[in-house]
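Enquirer: The structure follows.
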Amino acid sequence: MLKTRKLTEVFGMPVYTDDGQYYGDIEESVLVSNKVQGWRVRATKASLLNRLLSGAKGVTVPHQFVKAVGDIMIISSHALPEEAAESEELAEEF
């Protein structure tokens with residue numbers, strides 16, 4: 001059964017990657033022709049985005065990377081910016 005949510009219920013929701021890392025909080029949605037095309041995720045102090053993109057306020061995640069929405073939003077780890085993902089992989093190796 002497909003459940004629907006109002007967009008206002010999603011704002012401020014925490015976002016996690018599918019490997020369990022806190023990514024940020026939903027700030028707004030990107031709508032095109034009454035369809036969600038993406039989500040603006042705000043980088044908070046404890047978020048992965050804040051560590052990887054120092055100085056950036058957030059990113060827009062295409063809706064195709066969203067895996068689940070409930071009490072939290074789960075996105076694919078492929079939503080990480082490419083340069084940041086590569087530098088994170090190198091840091092994990094050491």
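Starting from 1 in every chain, residues are counted up; chains themselves are A, B, ... following the order of the structure tokens, and ligands are numbered from 1 as listed.
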Please give the complete set of residues from chain A that DSSP, run on the backbone, assigns to strand (DSSP E), formatted as a count of residues only.
Expert: 35
Enquirer: Skipping near chain neighbours, those fewer than 6 positions away, what residues fall within 9 Å of Val59 in chain A using only C-alpha atoms, listed as number ranges by chain?
Expert: A: 39-43, 49, 81
Enquirer: Go ahead and write the residues just picked, N, CA and C atoms, as a short mmCIF file (atom, residue, chain, number, x, y, z; two decimals), in the first residue's frame.
Expert:
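Okay, this is what ended up in part.cif:
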data_model
loop_
_atom_site.label_atom_id
_atom_site.label_comp_id
_atom_site.auth_asym_id
_atom_site.auth_seq_id
_atom_site.Cartn_x
_atom_site.Cartn_y
_atom_site.Cartn_z
N TRP A 39 15.38 17.43 -3.70
CA TRP A 39 15.27 17.90 -2.32
C TRP A 39 16.50 18.72 -1.97
N ARG A 40 16.29 19.88 -1.41
CA ARG A 40 17.39 20.73 -0.94
C ARG A 40 17.70 20.26 0.48
N VAL A 41 18.93 19.79 0.69
CA VAL A 41 19.36 19.28 1.99
C VAL A 41 20.34 20.27 2.59
N ARG A 42 20.03 20.73 3.79
CA ARG A 42 20.87 21.71 4.50
C ARG A 42 21.97 20.98 5.26
N ALA A 43 23.18 21.47 5.16
CA ALA A 43 24.31 20.92 5.92
C ALA A 43 24.26 21.48 7.34
N LEU A 49 27.62 16.26 5.13
CA LEU A 49 27.80 17.36 4.17
C LEU A 49 28.71 18.45 4.72
N PRO A 81 28.49 14.17 -3.37
CA PRO A 81 29.22 14.83 -4.45
C PRO A 81 30.46 14.00 -4.79
#
Enquirer: Set the distance at 12 Å and use only C-alpha atoms: which residues neighbour Thr44 in chain A once local chain neighbours fewer than 3 positions away are removed? I'd like the list as a PyMOL selection string.
Expert: chain A and resi 12+14-15+22-27+41+47-59
Enquirer: DSSP says helix (DSSP H, G or I) for which residues of chain A? Put them as a list in words?
Expert: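 Selecting the helix (DSSP H, G or I) positions of chain A gives Leu7, Thr8, Glu9, Val10, Leu48, Leu49, Asn50, Arg51, Leu52, His63, Gln64, Phe65, Ser77, His78, Ala79, Glu82, Glu83, Ala84, Ala85, Glu86, Ser87, Glu88, Glu89, Leu90, Ala91, Glu92 and Glu93 of chain A.
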Enquirer: How about saving the chosen residues, C-alpha atoms kept, as a PDB file, in the first residue's frame?
Expert:
ATOM      1  CA  LEU A   7       5.385  18.210   1.746  1.00  0.00           C
ATOM      2  CA  THR A   8       5.157  20.282   4.906  1.00  0.00           C
ATOM      3  CA  GLU A   9       5.629  17.100   6.981  1.00  0.00           C
ATOM      4  CA  VAL A  10       8.978  16.441   5.311  1.00  0.00           C
ATOM      5  CA  LEU A  48      28.384  14.472   6.582  1.00  0.00           C
ATOM      6  CA  LEU A  49      27.796  17.361   4.169  1.00  0.00           C
ATOM      7  CA  ASN A  50      29.366  19.818   6.586  1.00  0.00           C
ATOM      8  CA  ARG A  51      32.500  17.661   6.851  1.00  0.00           C
ATOM      9  CA  LEU A  52      32.818  16.998   3.130  1.00  0.00           C
ATOM     10  CA  HIS A  63      14.503  12.576  -6.090  1.00  0.00           C
ATOM     11  CA  GLN A  64      15.718   9.440  -7.900  1.00  0.00           C
ATOM     12  CA  PHE A  65      18.298   8.969  -5.079  1.00  0.00           C
ATOM     13  CA  SER A  77      25.177   6.952  -0.926  1.00  0.00           C
ATOM     14  CA  HIS A  78      25.638   7.749  -4.646  1.00  0.00           C
ATOM     15  CA  ALA A  79      24.090  11.141  -3.868  1.00  0.00           C
ATOM     16  CA  GLU A  82      31.857  12.978  -6.526  1.00  0.00           C
ATOM     17  CA  GLU A  83      34.940  14.831  -5.285  1.00  0.00           C
ATOM     18  CA  ALA A  84      33.781  14.514  -1.690  1.00  0.00           C
ATOM     19  CA  ALA A  85      33.053  10.790  -2.045  1.00  0.00           C
ATOM     20  CA  GLU A  86      36.537  10.182  -3.449  1.00  0.00           C
ATOM     21  CA  SER A  87      38.233  12.123  -0.650  1.00  0.00           C
ATOM     22  CA  GLU A  88      36.145  10.235   1.945  1.00  0.00           C
ATOM     23  CA  GLU A  89      37.211   6.874   0.458  1.00  0.00           C
ATOM     24  CA  LEU A  90      40.863   7.933   0.643  1.00  0.00           C
ATOM     25  CA  ALA A  91      40.467   9.045   4.251  1.00  0.00           C
ATOM     26  CA  GLU A  92      38.928   5.671   5.161  1.00  0.00           C
ATOM     27  CA  GLU A  93      41.914   3.818   3.676  1.00  0.00           C
TER      28      GLU A  93
END
Enquirer: Could you tell me how far CA of Ser76 in chain A lies from CA of Tyr16 in chain A, in Å and to one decimal?
Expert: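 These atoms are spaced 8.7 Å apart.
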Enquirer: What's the separation between CA of Arg5 in chain A and CA of Asn34 in chain A, in Å to one decimal place?
Expert: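 According to the coordinates, CA of Arg5 in chain A and CA of Asn34 in chain A are separated by 14.2 Å.
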Enquirer: In Å to one decimal, how far is CA of Gln37 in chain A from CA of Thr60 in chain A?
Expert: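 Distance between the two atoms: 9.7 Å.
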